[in-house]
Amino acid sequence: MIHFERSIQIRKLYNELEKRKHGGPWMNQEDVIGFVHDVGVLGRLVMAAEGRWIHEGALHQDLGDKLAECLWWLFVLSELLGVDLNTAFSSK
């Protein structure tokens with residue numbers, strides 16, 4: 001799956017940035033906090049799409065970007081935690 005592989009490559013680049021800026025890469029729980037933050041932003045965008053939150057900008061584009069970012073986090077977290085996401089999804 002090309003998107004999965006690209007997600008892992010991008011995460012490795014972030015690890016290098018975190019090493020330079022903070023002395024080490026984020027730990028798994030910090031990655032989860034990043035994911036949860038993005039899910040919260042997605043929630044606000046969904047509220048905006050339903051007229052329940054004010055959003056300035058290109059709402060449809062921002063929704064797509066944030067959904068893609070949340071999917072990226074799921075790919076990254078599944079790799080970090082040793083979960084085969086395809087198998088897990090298929091079993092549900």
# chains A, B, ... in the order shown; residues from 1 in each chain; ligands from 1

$ residues_around --residues "region 57-63 of chain A" --least-positions-apart "3" --cutoff "7 Å" --atoms "only C-alpha atoms" --output "PyMOL selection string"
chain A and resi 42+45+66-67

$ write_last_selection --atoms "N, CA, C and O atoms" --output "PDB file, in the first residue's frame"
ATOM      1  N   LEU A  42     -10.754  18.210  13.345  1.00  0.00           N
ATOM      2  CA  LEU A  42     -11.721  17.638  12.408  1.00  0.00           C
ATOM      3  C   LEU A  42     -13.139  17.800  12.936  1.00  0.00           C
ATOM      4  O   LEU A  42     -14.058  18.143  12.183  1.00  0.00           O
ATOM      5  N   LEU A  45     -14.310  21.216  12.226  1.00  0.00           N
ATOM      6  CA  LEU A  45     -14.595  21.387  10.801  1.00  0.00           C
ATOM      7  C   LEU A  45     -15.944  20.761  10.436  1.00  0.00           C
ATOM      8  O   LEU A  45     -16.706  21.323   9.641  1.00  0.00           O
ATOM      9  N   LYS A  66      -7.731  17.606   6.639  1.00  0.00           N
ATOM     10  CA  LYS A  66      -7.711  17.089   8.013  1.00  0.00           C
ATOM     11  C   LYS A  66      -8.069  15.603   8.045  1.00  0.00           C
ATOM     12  O   LYS A  66      -7.491  14.840   8.829  1.00  0.00           O
ATOM     13  N   LEU A  67      -9.008  15.173   7.199  1.00  0.00           N
ATOM     14  CA  LEU A  67      -9.305  13.739   7.112  1.00  0.00           C
ATOM     15  C   LEU A  67      -8.067  12.967   6.670  1.00  0.00           C
ATOM     16  O   LEU A  67      -7.757  11.899   7.227  1.00  0.00           O
TER      17      LEU A  67
END

$ residues_around --residues "Glu79 (chain A)" --least-positions-apart "6" --cutoff "9 Å" --atoms "only C-alpha atoms" --output "ChimeraX atom specification"
/A:4,8,85

$ residues_around --residues "Cys70 (chain A)" --least-positions-apart "6" --cutoff "8 Å" --atoms "only C-alpha atoms" --output "PyMOL selection string"
chain A and resi 35+38-39

$ write_last_selection --atoms "N, CA, C and O atoms" --output "mmCIF file, in the first residue's frame"
data_model
loop_
_atom_site.group_PDB
_atom_site.id
_atom_site.type_symbol
_atom_site.label_atom_id
_atom_site.label_comp_id
_atom_site.auth_asym_id
_atom_site.auth_seq_id
_atom_site.Cartn_x
_atom_site.Cartn_y
_atom_site.Cartn_z
ATOM 1 N N PHE A 35 -2.456 12.930 17.174
ATOM 2 C CA PHE A 35 -3.627 12.396 16.481
ATOM 3 C C PHE A 35 -4.924 12.930 17.094
ATOM 4 O O PHE A 35 -5.815 13.403 16.379
ATOM 5 N N ASP A 38 -5.636 16.440 16.130
ATOM 6 C CA ASP A 38 -6.160 16.563 14.772
ATOM 7 C C ASP A 38 -7.600 16.077 14.673
ATOM 8 O O ASP A 38 -8.393 16.640 13.915
ATOM 9 N N VAL A 39 -7.965 15.071 15.436
ATOM 10 C CA VAL A 39 -9.368 14.621 15.464
ATOM 11 C C VAL A 39 -10.247 15.737 16.030
ATOM 12 O O VAL A 39 -11.357 15.973 15.529
#

$ residues_around --residues "Asn28 (chain A)" --least-positions-apart "4" --cutoff "8 Å" --atoms "only C-alpha atoms" --output "MDAnalysis selection string"
chainID A and resid 32 77 80

$ write_last_selection --atoms "all heavy atoms" --output "CSV table (one decimal), in the first residue's frame"
chain,number,residue,atom,x,y,z
A,32,VAL,N,0.1,9.9,19.8
A,32,VAL,CA,-1.4,9.8,20.0
A,32,VAL,C,-2.0,11.1,20.3
A,32,VAL,O,-3.1,11.4,19.9
A,32,VAL,CB,-1.7,8.7,21.1
A,32,VAL,CG1,-3.2,8.7,21.5
A,32,VAL,CG2,-1.3,7.3,20.7
A,77,LEU,N,0.5,5.2,13.6
A,77,LEU,CA,0.3,4.6,14.8
A,77,LEU,C,0.2,3.1,14.7
A,77,LEU,O,0.7,2.3,15.5
A,77,LEU,CB,-1.0,5.1,15.5
A,77,LEU,CG,-0.9,6.6,16.0
A,77,LEU,CD1,-2.3,7.1,16.4
A,77,LEU,CD2,0.1,6.7,17.2
A,80,LEU,N,3.8,1.9,14.5
A,80,LEU,CA,4.5,2.0,15.7
A,80,LEU,C,4.0,1.0,16.7
A,80,LEU,O,4.8,0.5,17.5
A,80,LEU,CB,4.2,3.4,16.4
A,80,LEU,CG,4.9,4.6,15.7
A,80,LEU,CD1,4.3,5.9,16.3
A,80,LEU,CD2,6.4,4.5,15.8

$ closest_residue --among "A:Phe89, A:Ala49, A:Arg20, A:Glu5" --to "Gly64 (chain A)" --atoms "only C-alpha atoms"
A:Ala49

$ select_by_dssp --residues "chain A" --states "alpha helix (DSSP H)" --output "PyMOL selection string"
chain A and resi 2-22+28-49+59-81+85-91
